[in-house]
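Below: one structure, written as structure tokens.
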Amino acid sequence: METVWTRKDLLSLYDLSADEIIFLLDTAEEFKKVSERNVKKVPALRGKTVVNFFVEPSTRTRVSFELAEQRLSADIINVQASTSSLKKGETLLDTIKNLEALQVDLFVMRHASPGAQYFIAENTKCGVVNAGDGAHSHPTQALLDLFTIREKKGHIDGLKVTILGDILHSRVARSNIWGLLKLGAEVTVAGPPTLVPREFESIGVKVCHNLKDAVRDADVVNVLRIQHERLNASFFPSDSEYASFYGIKPGILDYMKPDTIIMHPGPINRDVEISSAVADGSRSVILEQVTNGLAVRMAVLFLVAGCVKK
Amino acid sequence: METVWTRKDLLSLYDLSADEIIFLLDTAEEFKKVSERNVKKVPALRGKTVVNFFVEPSTRTRVSFELAEQRLSADIINVQASTSSLKKGETLLDTIKNLEALQVDLFVMRHASPGAQYFIAENTKCGVVNAGDGAHSHPTQALLDLFTIREKKGHIDGLKVTILGDILHSRVARSNIWGLLKLGAEVTVAGPPTLVPREFESIGVKVCHNLKDAVRDADVVNVLRIQHERLNASFFPSDSEYASFYGIKPGILDYMKPDTIIMHPGPINRDVEISSAVADGSRSVILEQVTNGLAVRMAVLFLVAGCVKK
Amino acid sequence: METVWTRKDLLSLYDLSADEIIFLLDTAEEFKKVSERNVKKVPALRGKTVVNFFVEPSTRTRVSFELAEQRLSADIINVQASTSSLKKGETLLDTIKNLEALQVDLFVMRHASPGAQYFIAENTKCGVVNAGDGAHSHPTQALLDLFTIREKKGHIDGLKVTILGDILHSRVARSNIWGLLKLGAEVTVAGPPTLVPREFESIGVKVCHNLKDAVRDADVVNVLRIQHERLNASFFPSDSEYASFYGIKPGILDYMKPDTIIMHPGPINRDVEISSAVADGSRSVILEQVTNGLAVRMAVLFLVAGCVKK
């Protein structure tokens with residue numbers, strides 16, 4: 001397998017070619033086997049240091065990255081903004097330059113400001129992996145979704161994928177859309193008009209405000225989390241109103257094809273955007289997404305580390 | 001030494017047979033030798049991942065477990081509730097299922113709700129070690145107390161053990177009582193009537209409200225911490241009042257047998273439940289308990305990990 | 001190279017002989033080469049446990065020590081005061097004695113009270129490395145400054161070094177002064193009279209309140225951070241006033257010798273005590289100081305660990 005990967009950073013699927021995305025998914029397949037072994041470690045990043053730099057808190061994504069790093073035998077430093085020198089008035093770039101001067105190799109970085117990781121990547125010789133930047137991009141989440149779809153359906157090209165929920169504020173939605181379109185899927189975004197404005201049509205996806213229409217032909221329904229922590233205005237009347245119009249419940253499964261899979265990036269709000277019966281049911285691949293996330297992150301860290309020149 | 005251990009979880013000494021407890025203590029003896037070596041590590045859990053999941057904060061217990069895990073060469077993930085997805089409305093079980101999907105092997109779990117670890121253990125293939133659940137159970141603390149008593153006295157059967165202090169709110173007291181009775185000790189619980197109600201007699205221990213009577217025949221006096229952080233009502237007038245009636249001070253030692261040992265689970269409130277002269281004196285085995293806790297936790301992690309089938 | 005190092009603790013440069021300081025710097029030179037390798041690890045502390053005990057928060061110093069420990073292959077436990085048993089009323093010494101009972105080997109300790117580390121070092125068999133105690137001492141910072149000066153200038157004896165800024169509250173200044181004087185440098189302390197009182201003359205340094213005079217003959221100018229978080233009274237009218245009178249700006253470089261180097265312990269307040277043009281300019285060795293800090297801390301940990309007898 002010849003490498004087509006030449007980037008020291010993974011910032012957004014928007015930047016990648018279809019070949020690069022497929023190469024990432026193929027590499028992740030190899031790493032998935034490692035996690036199924038009894039001793040789940042490889043020495044690929046031994047002696048390398050990865051800094052998990054999380055300016056926004058996150059346990060799920062941080063733990064998934066940290067496990068990926070451990071299984072690659074990297075040394076790991078966790079830095080959280082709340083305790084960092086940013087509090088003492090240091091600029092973000094100075095904080096990063098200081099860590100770079102300690103001869104670390106990779107930054108896994110979450111930041112509330114879209115583009116922060118681009119700025120940092122341009123100004124450091126270290127590799128930078130975007131672990132989420134505001135509502136803009138979350139490339140490893142999109143890659144694990146693509147990985148799971150390909151694993152379940154055998155291919156992505158030609159599939160119909162519906163992304164349901166708060167498209168407006170979702171970095172997961174944006175990243176998925178870019179990746180799916182590059183790999184040849186047809187994408188529909190669905191949800192209430194306040195959260196799924198018509199403007200999304202301009203990037204090549206269908207917009208749909210009726211749930212039954214949105215799921216009828218779908219091979220994949222990706223249900224987004226209602227992010228109470230981000231929705232600081234009133235985009236819908238109440239959780240139960242949302243659940244009634246847009247929640248995925250057993251009744252709605254009857255409108256889907258029999259082999260449609262249900263995805264969710266987690267953490268789920270049970271009986272808001274997805275009912276327990278569906279989340280725990282046979283169509284749900286939610287926990288497989290989590291497992292695949294580990295393989296995808298191992299692949300990403302391994303590939304970008306190979307392109308860091310110091 | 002043939003194994004009698006078949007459990008993937010350690011939830012409470014209440015569930016264990018005397019043989020199982022003794023097998024744990026024997027295994028801990030082997031591990032105690034490891035910590036006395038120059039290089040204090042064995043590869044027993046290499047490639048396994050242990051998640052320290054602490055929904056209630058704790059430094060002492062967490063550090064003891066983390067050192068035990070390091071010395072078994074495990075990979076370690078620390079998750080604290082205050083930063084976890086529980087904050088985002090995820091259920092405890094979903095949080096655990098997500099971590100399980102990341103192919104971790106063991107959970108070391110502290111939770112404020114009695115029984116939380118039982119519920120989780122039934123719903124995961126991973127092993128679960130209870131690191132304290134509310135006022136109910138703290139099995140590794142009880143095991144390290146049993147280990148220390150056996151090491152100092154040569155046996156537990158037939159010994160007279162007095163547990164002194166806030167029996168009502170103490171998971172340490174409950175766990176010790178179960179273990180001591182199973183191994184054939186006679187147990188007295190002592191302290192003010194508000195903290196040591198008569199009802200304890202129904203589980204097979206003596207209840208005593210007079211300090212001198214409580215310690216007179218004891219081979220072991222286990223002094224519990226006054227947990228200001230749990231005592232939200234007025235169970236006694238003041239610390240100095242408590243110290244005067246129930247504190248273990250040099251004068252009270254005269255009422256004990258010459259070889260009675262003094263234990264305390266820590267952290268100690270100097271000159272409240274125990275005076276400095278006693279805590280630092282020749283009868284005190286408090287710091288040996290801490291050392292033994294490490295060996296006991298290594299043994300527990302090693303044994304349950306051997307029973308996890310995935 | 002015969003060892004002249006016999007101390008299990010590094011508490012303050014005040015205690016060390018010139019030979020001991022030079023031996024530390026020579027050892028750090030060897031360790032600097034390790035961090036330039038592809039695999040940046042040596043097994044020097046394998047099987048040893050280092051506790052980073054930070055009663056005052058710090059990310060920069062903690063990360064630098066943690067990386068040094070990882071590169072020496074130590075096991076690492078991080079304890080922060082905010083979550084420790086100190087909160088439950090345990091004394092500092094009891095907390096340390098409990099950790100010692102877990103058979104750890106070294107404490108890297110930051111504490112707000114000057115002398116706390118001396119007290120602990122006298123009462124434990126473990127090694128103690130002072131990572132900053134209030135306004136008193138920060139020996140590894142001073143050692144990395146000395147290392148950087150020696151690397152850049154070839155020697156320290158006979159050099160003229162100016163330390164500029166808040167000398168009164170700075171543990172960096174105190175530690176640097178002791179080290180520089182022992183190694184034969186001439187030291188000038190400079191800044192506003194409120195922050196640089198005349199009394200400093202009694203310890204063998206020159207005191208100067210005029211910036212141009214302070215830098216004119218200097219081989220090294222070490223610019224201290226304005227520590228807003230420590231300055232709880234009004235020592236100067238405003239940041240811009242300070243910048244105008246004592247900030248190091250391009251114009252002031254004209255008053256220096258052409259080969260004067262500019263140092264700063266970080267994190268920098270851009271355009272307060274140092275302008276961006278100077279901080280990022282060719283005379284600045286600020287990021288090299290950070291890199292050298294790692295080598296110095298590896299050397300310190302390695303040397304003190306070799307003197308711990310347990």
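Residue numbers start at 1 in each chain; chains themselves are named A, B, ... in the order of the structure tokens; ligands are numbered from 1 in the order shown.
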
Counting only C-alpha atoms, which residues of chain B fall within 6 Å of chain C, and what is the closest atom pair for each with its distance in Å at one decimal, ordered by chain and rising number, as JSON lines?
```
{"residue": "B:Val39", "atom": "CA", "partner": "C:Gly47", "partner_atom": "CA", "distance": 4.4}
{"residue": "B:Lys40", "atom": "CA", "partner": "C:Gly47", "partner_atom": "CA", "distance": 5.2}
{"residue": "B:Lys41", "atom": "CA", "partner": "C:Gly47", "partner_atom": "CA", "distance": 5.9}
{"residue": "B:Thr59", "atom": "CA", "partner": "C:Ser84", "partner_atom": "CA", "distance": 5.2}
{"residue": "B:Pro267", "atom": "CA", "partner": "C:Glu90", "partner_atom": "CA", "distance": 5.9}
{"residue": "B:Leu287", "atom": "CA", "partner": "C:Ala101", "partner_atom": "CA", "distance": 5.9}
{"residue": "B:Val290", "atom": "CA", "partner": "C:Ala101", "partner_atom": "CA", "distance": 5.9}
{"residue": "B:Thr291", "atom": "CA", "partner": "C:Leu102", "partner_atom": "CA", "distance": 5.1}
```

Can you check which residues of range 101-251 of chain C DSSP gives as helix (DSSP H, G or I) on the backbone and send them as a VMD selection string? chain C and resid 101 116 to 122 139 to 153 171 to 182 198 to 203 211 to 215 239 to 246 250 to 251

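Using only C-alpha atoms, the shortest contact distance between Arg198 in chain C and any of C:Asn52, C:Arg150, C:Leu168, C:Arg174 is found at C:Leu168.
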
Nearest candidate to Leu10 in chain A (options A:Cys126, A:Ile203, A:Ala295, A:Ile177; using only C-alpha atoms):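 Using only C-alpha atoms, Leu10 in chain A sits closest to A:Cys126.
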
Which of range 65-188 of chain A fall in strand (DSSP E), as a VMD selection string: chain A and resid 75 to 80 106 to 111 127 to 133 160 to 164 186 to 188

With N, CA and C atoms retained, could you export that selection as a PDB file, in the first residue's frame?
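Generated output (part-v4.pdb):
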```
ATOM      1  N   ASP A  75       4.214   9.117  24.445  1.00  0.00           N
ATOM      2  CA  ASP A  75       4.139   9.841  25.710  1.00  0.00           C
ATOM      3  C   ASP A  75       3.058  10.906  25.576  1.00  0.00           C
ATOM      4  N   ILE A  76       2.325  11.144  26.655  1.00  0.00           N
ATOM      5  CA  ILE A  76       1.113  11.971  26.592  1.00  0.00           C
ATOM      6  C   ILE A  76       1.170  13.071  27.642  1.00  0.00           C
ATOM      7  N   ILE A  77       0.858  14.285  27.218  1.00  0.00           N
ATOM      8  CA  ILE A  77       0.700  15.407  28.149  1.00  0.00           C
ATOM      9  C   ILE A  77      -0.696  15.980  27.940  1.00  0.00           C
ATOM     10  N   ASN A  78      -1.463  16.094  29.005  1.00  0.00           N
ATOM     11  CA  ASN A  78      -2.781  16.718  28.935  1.00  0.00           C
ATOM     12  C   ASN A  78      -2.712  18.147  29.454  1.00  0.00           C
ATOM     13  N   VAL A  79      -3.159  19.103  28.650  1.00  0.00           N
ATOM     14  CA  VAL A  79      -3.206  20.502  29.080  1.00  0.00           C
ATOM     15  C   VAL A  79      -4.634  20.997  28.896  1.00  0.00           C
ATOM     16  N   GLN A  80      -5.189  21.528  29.962  1.00  0.00           N
ATOM     17  CA  GLN A  80      -6.522  22.112  29.863  1.00  0.00           C
ATOM     18  C   GLN A  80      -6.428  23.618  30.032  1.00  0.00           C
ATOM     19  N   LEU A 106       3.329  16.292  18.507  1.00  0.00           N
ATOM     20  CA  LEU A 106       1.980  16.481  17.973  1.00  0.00           C
ATOM     21  C   LEU A 106       1.100  17.226  18.964  1.00  0.00           C
ATOM     22  N   PHE A 107       0.214  18.052  18.416  1.00  0.00           N
ATOM     23  CA  PHE A 107      -0.855  18.645  19.213  1.00  0.00           C
ATOM     24  C   PHE A 107      -2.193  18.071  18.765  1.00  0.00           C
ATOM     25  N   VAL A 108      -2.961  17.545  19.704  1.00  0.00           N
ATOM     26  CA  VAL A 108      -4.366  17.254  19.455  1.00  0.00           C
ATOM     27  C   VAL A 108      -5.117  18.384  20.138  1.00  0.00           C
ATOM     28  N   MET A 109      -5.854  19.161  19.361  1.00  0.00           N
ATOM     29  CA  MET A 109      -6.310  20.451  19.872  1.00  0.00           C
ATOM     30  C   MET A 109      -7.802  20.665  19.658  1.00  0.00           C
ATOM     31  N   ARG A 110      -8.468  20.991  20.747  1.00  0.00           N
ATOM     32  CA  ARG A 110      -9.850  21.445  20.666  1.00  0.00           C
ATOM     33  C   ARG A 110      -9.896  22.910  21.066  1.00  0.00           C
ATOM     34  N   HIS A 111     -10.640  23.696  20.301  1.00  0.00           N
ATOM     35  CA  HIS A 111     -10.713  25.131  20.574  1.00  0.00           C
ATOM     36  C   HIS A 111     -12.074  25.651  20.147  1.00  0.00           C
ATOM     37  N   GLY A 127       2.987  18.497  14.322  1.00  0.00           N
ATOM     38  CA  GLY A 127       1.727  18.147  13.695  1.00  0.00           C
ATOM     39  C   GLY A 127       0.558  18.633  14.528  1.00  0.00           C
ATOM     40  N   VAL A 128      -0.553  18.960  13.864  1.00  0.00           N
ATOM     41  CA  VAL A 128      -1.747  19.435  14.562  1.00  0.00           C
ATOM     42  C   VAL A 128      -2.946  18.615  14.097  1.00  0.00           C
ATOM     43  N   VAL A 129      -3.654  18.014  15.051  1.00  0.00           N
ATOM     44  CA  VAL A 129      -4.886  17.291  14.747  1.00  0.00           C
ATOM     45  C   VAL A 129      -6.042  18.060  15.373  1.00  0.00           C
ATOM     46  N   ASN A 130      -6.981  18.438  14.539  1.00  0.00           N
ATOM     47  CA  ASN A 130      -8.150  19.182  15.001  1.00  0.00           C
ATOM     48  C   ASN A 130      -9.118  18.225  15.702  1.00  0.00           C
ATOM     49  N   ALA A 131      -9.346  18.479  16.987  1.00  0.00           N
ATOM     50  CA  ALA A 131     -10.293  17.665  17.749  1.00  0.00           C
ATOM     51  C   ALA A 131     -11.597  18.425  17.978  1.00  0.00           C
ATOM     52  N   GLY A 132     -11.876  19.353  17.063  1.00  0.00           N
ATOM     53  CA  GLY A 132     -13.115  20.133  17.167  1.00  0.00           C
ATOM     54  C   GLY A 132     -12.832  21.614  17.313  1.00  0.00           C
ATOM     55  N   ASP A 133     -13.332  22.422  16.380  1.00  0.00           N
ATOM     56  CA  ASP A 133     -13.163  23.877  16.498  1.00  0.00           C
ATOM     57  C   ASP A 133     -14.527  24.544  16.345  1.00  0.00           C
ATOM     58  N   LYS A 160     -27.396   7.104  -0.017  1.00  0.00           N
ATOM     59  CA  LYS A 160     -28.195   8.257   0.409  1.00  0.00           C
ATOM     60  C   LYS A 160     -28.061   8.383   1.933  1.00  0.00           C
ATOM     61  N   VAL A 161     -27.536   9.515   2.369  1.00  0.00           N
ATOM     62  CA  VAL A 161     -27.292   9.734   3.798  1.00  0.00           C
ATOM     63  C   VAL A 161     -28.091  10.946   4.266  1.00  0.00           C
ATOM     64  N   THR A 162     -28.892  10.750   5.299  1.00  0.00           N
ATOM     65  CA  THR A 162     -29.632  11.868   5.883  1.00  0.00           C
ATOM     66  C   THR A 162     -29.013  12.244   7.226  1.00  0.00           C
ATOM     67  N   ILE A 163     -28.719  13.522   7.386  1.00  0.00           N
ATOM     68  CA  ILE A 163     -28.216  14.033   8.666  1.00  0.00           C
ATOM     69  C   ILE A 163     -29.344  14.855   9.267  1.00  0.00           C
ATOM     70  N   LEU A 164     -29.695  14.496  10.503  1.00  0.00           N
ATOM     71  CA  LEU A 164     -30.935  15.007  11.095  1.00  0.00           C
ATOM     72  C   LEU A 164     -30.655  15.774  12.378  1.00  0.00           C
ATOM     73  N   GLU A 186     -25.030  10.925  -1.661  1.00  0.00           N
ATOM     74  CA  GLU A 186     -26.032  11.993  -1.726  1.00  0.00           C
ATOM     75  C   GLU A 186     -26.438  12.341  -0.304  1.00  0.00           C
ATOM     76  N   VAL A 187     -26.398  13.617   0.033  1.00  0.00           N
ATOM     77  CA  VAL A 187     -26.646  14.022   1.410  1.00  0.00           C
ATOM     78  C   VAL A 187     -27.912  14.867   1.514  1.00  0.00           C
ATOM     79  N   THR A 188     -28.771  14.497   2.472  1.00  0.00           N
ATOM     80  CA  THR A 188     -29.922  15.328   2.830  1.00  0.00           C
ATOM     81  C   THR A 188     -29.733  15.806   4.258  1.00  0.00           C
TER      82      THR A 188
END
```

With only C-alpha atoms as the counted atoms, please give the residues lying no more than 9 Å from range 142-148 of chain B, apart from itself and same-chain residues fewer than 2 positions off, as a ChimeraX atom specification. /B:13,21,24-26,28-29,137-140,150-153,156,172-180,222,263-265,285,288-297

Could you write those residues out with N, CA and C atoms, as a compact mmCIF listing (two decimals), in the first residue's frame?
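Saved the output as part.txt:
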```
# COMPACT_ATOMS: atom_id res chain seq x y z
N LEU B 13 -17.31 -6.91 50.23
CA LEU B 13 -16.90 -8.10 50.96
C LEU B 13 -18.12 -8.92 51.38
N ILE B 21 -11.77 -14.29 50.44
CA ILE B 21 -11.07 -13.20 51.11
C ILE B 21 -9.64 -13.61 51.43
N LEU B 24 -7.50 -13.59 48.36
CA LEU B 24 -7.10 -12.22 48.03
C LEU B 24 -5.93 -11.76 48.91
N LEU B 25 -6.03 -12.04 50.21
CA LEU B 25 -4.96 -11.60 51.12
C LEU B 25 -3.65 -12.32 50.79
N ASP B 26 -3.74 -13.60 50.47
CA ASP B 26 -2.52 -14.35 50.11
C ASP B 26 -1.89 -13.79 48.83
N ALA B 28 -2.19 -10.72 47.76
CA ALA B 28 -1.63 -9.41 48.10
C ALA B 28 -0.25 -9.57 48.74
N GLU B 29 -0.06 -10.61 49.53
CA GLU B 29 1.27 -10.84 50.12
C GLU B 29 2.34 -10.98 49.05
N SER B 137 -20.13 0.65 50.94
CA SER B 137 -19.09 -0.36 50.83
C SER B 137 -17.80 0.25 50.31
N HIS B 138 -16.68 -0.26 50.78
CA HIS B 138 -15.35 0.18 50.33
C HIS B 138 -14.43 -1.02 50.50
N PRO B 139 -14.61 -2.02 49.63
CA PRO B 139 -14.00 -3.32 49.91
C PRO B 139 -12.48 -3.32 49.96
N THR B 140 -11.80 -2.52 49.12
CA THR B 140 -10.33 -2.57 49.18
C THR B 140 -9.80 -1.96 50.48
N ARG B 150 -3.87 -9.23 59.94
CA ARG B 150 -3.29 -10.58 59.82
C ARG B 150 -1.77 -10.51 59.88
N GLU B 151 -1.19 -9.50 59.24
CA GLU B 151 0.27 -9.36 59.22
C GLU B 151 0.81 -9.10 60.63
N LYS B 152 0.06 -8.31 61.41
CA LYS B 152 0.54 -7.93 62.74
C LYS B 152 0.25 -9.01 63.77
N LYS B 153 -0.89 -9.70 63.63
CA LYS B 153 -1.34 -10.63 64.68
C LYS B 153 -1.19 -12.09 64.26
N ILE B 156 -6.70 -13.81 62.10
CA ILE B 156 -7.84 -12.94 62.36
C ILE B 156 -8.88 -13.67 63.20
N VAL B 172 -16.40 2.30 55.41
CA VAL B 172 -15.26 1.55 55.93
C VAL B 172 -15.72 0.62 57.04
N ALA B 173 -16.56 1.13 57.94
CA ALA B 173 -17.06 0.30 59.05
C ALA B 173 -17.85 -0.88 58.52
N ARG B 174 -18.81 -0.65 57.65
CA ARG B 174 -19.63 -1.74 57.11
C ARG B 174 -18.76 -2.81 56.45
N SER B 175 -17.84 -2.37 55.59
CA SER B 175 -17.02 -3.35 54.87
C SER B 175 -16.15 -4.13 55.84
N ASN B 176 -15.59 -3.45 56.84
CA ASN B 176 -14.77 -4.14 57.82
C ASN B 176 -15.58 -5.16 58.61
N ILE B 177 -16.78 -4.77 59.00
CA ILE B 177 -17.61 -5.68 59.80
C ILE B 177 -17.86 -6.97 59.03
N TRP B 178 -18.28 -6.84 57.74
CA TRP B 178 -18.55 -8.04 56.94
C TRP B 178 -17.32 -8.93 56.86
N GLY B 179 -16.17 -8.33 56.55
CA GLY B 179 -14.95 -9.13 56.39
C GLY B 179 -14.50 -9.78 57.69
N LEU B 180 -14.54 -9.00 58.78
CA LEU B 180 -14.08 -9.52 60.07
C LEU B 180 -14.95 -10.67 60.56
N ASN B 222 -9.79 0.16 65.63
CA ASN B 222 -9.81 0.84 64.34
C ASN B 222 -10.58 2.15 64.51
N MET B 263 -5.46 1.41 64.44
CA MET B 263 -5.59 1.61 63.00
C MET B 263 -6.44 2.85 62.72
N HIS B 264 -6.31 3.39 61.51
CA HIS B 264 -7.13 4.53 61.08
C HIS B 264 -7.09 4.54 59.56
N PRO B 265 -8.25 4.69 58.91
CA PRO B 265 -8.23 4.66 57.44
C PRO B 265 -7.70 5.93 56.79
N VAL B 285 -0.39 1.64 63.37
CA VAL B 285 0.02 0.97 62.12
C VAL B 285 -0.57 1.70 60.92
N GLU B 288 1.48 1.79 57.74
CA GLU B 288 1.57 0.43 57.18
C GLU B 288 0.29 0.06 56.46
N GLN B 289 -0.85 0.54 56.96
CA GLN B 289 -2.10 0.30 56.25
C GLN B 289 -2.02 0.88 54.83
N VAL B 290 -1.46 2.09 54.73
CA VAL B 290 -1.36 2.72 53.41
C VAL B 290 -0.50 1.87 52.47
N THR B 291 0.64 1.43 52.99
CA THR B 291 1.53 0.58 52.19
C THR B 291 0.83 -0.70 51.76
N ASN B 292 0.11 -1.31 52.68
CA ASN B 292 -0.58 -2.56 52.37
C ASN B 292 -1.71 -2.35 51.37
N GLY B 293 -2.30 -1.15 51.38
CA GLY B 293 -3.37 -0.85 50.43
C GLY B 293 -2.91 -1.02 48.99
N LEU B 294 -1.68 -0.63 48.74
CA LEU B 294 -1.12 -0.77 47.40
C LEU B 294 -1.06 -2.24 46.99
N ALA B 295 -0.56 -3.08 47.89
CA ALA B 295 -0.44 -4.52 47.58
C ALA B 295 -1.81 -5.14 47.38
N VAL B 296 -2.76 -4.75 48.23
CA VAL B 296 -4.12 -5.30 48.12
C VAL B 296 -4.75 -4.89 46.79
N ARG B 297 -4.55 -3.64 46.39
CA ARG B 297 -5.17 -3.18 45.14
C ARG B 297 -4.50 -3.83 43.93
```

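Across the structure, CA of Ser240 in chain B and CA of Asn269 in chain B are spaced 11.6 Å apart.
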
Could you list, as a ChimeraX atom specification, every residue within 9 Å of Ala279 in chain C, counting only C-alpha atoms and ignoring same-chain residues fewer than 4 positions away? /C:248,262-264,268,270,274-275,283-286

Keeping only N, CA and C atoms, write those residues as a short mmCIF file (atom, residue, chain, number, x, y, z; two decimals), in the first residue's frame.
```cif
data_model
loop_
_atom_site.label_atom_id
_atom_site.label_comp_id
_atom_site.auth_asym_id
_atom_site.auth_seq_id
_atom_site.Cartn_x
_atom_site.Cartn_y
_atom_site.Cartn_z
N ILE C 248 11.36 46.56 27.51
CA ILE C 248 12.46 46.39 26.56
C ILE C 248 11.88 46.44 25.15
N ILE C 262 18.87 38.56 25.35
CA ILE C 262 17.67 38.92 26.11
C ILE C 262 16.98 37.63 26.58
N MET C 263 16.76 37.53 27.89
CA MET C 263 16.10 36.35 28.46
C MET C 263 14.77 36.76 29.11
N HIS C 264 13.92 35.79 29.30
CA HIS C 264 12.64 36.01 29.99
C HIS C 264 12.15 34.65 30.46
N ILE C 268 5.37 35.53 28.77
CA ILE C 268 5.60 36.95 28.54
C ILE C 268 4.28 37.71 28.42
N ARG C 270 3.28 40.43 26.23
CA ARG C 270 3.75 41.16 25.06
C ARG C 270 3.42 42.64 25.18
N ILE C 274 8.15 43.46 27.74
CA ILE C 274 8.98 43.22 26.56
C ILE C 274 8.12 43.39 25.31
N SER C 275 8.67 44.06 24.30
CA SER C 275 7.89 44.26 23.08
C SER C 275 7.98 43.00 22.22
N ARG C 283 18.09 38.63 19.25
CA ARG C 283 18.81 38.57 20.52
C ARG C 283 18.09 37.70 21.54
N SER C 284 16.82 37.45 21.30
CA SER C 284 16.02 36.73 22.29
C SER C 284 16.41 35.25 22.33
N VAL C 285 16.58 34.72 23.55
CA VAL C 285 16.85 33.29 23.71
C VAL C 285 15.73 32.63 24.52
N ILE C 286 14.55 33.25 24.48
CA ILE C 286 13.45 32.84 25.37
C ILE C 286 13.04 31.39 25.14
#
```
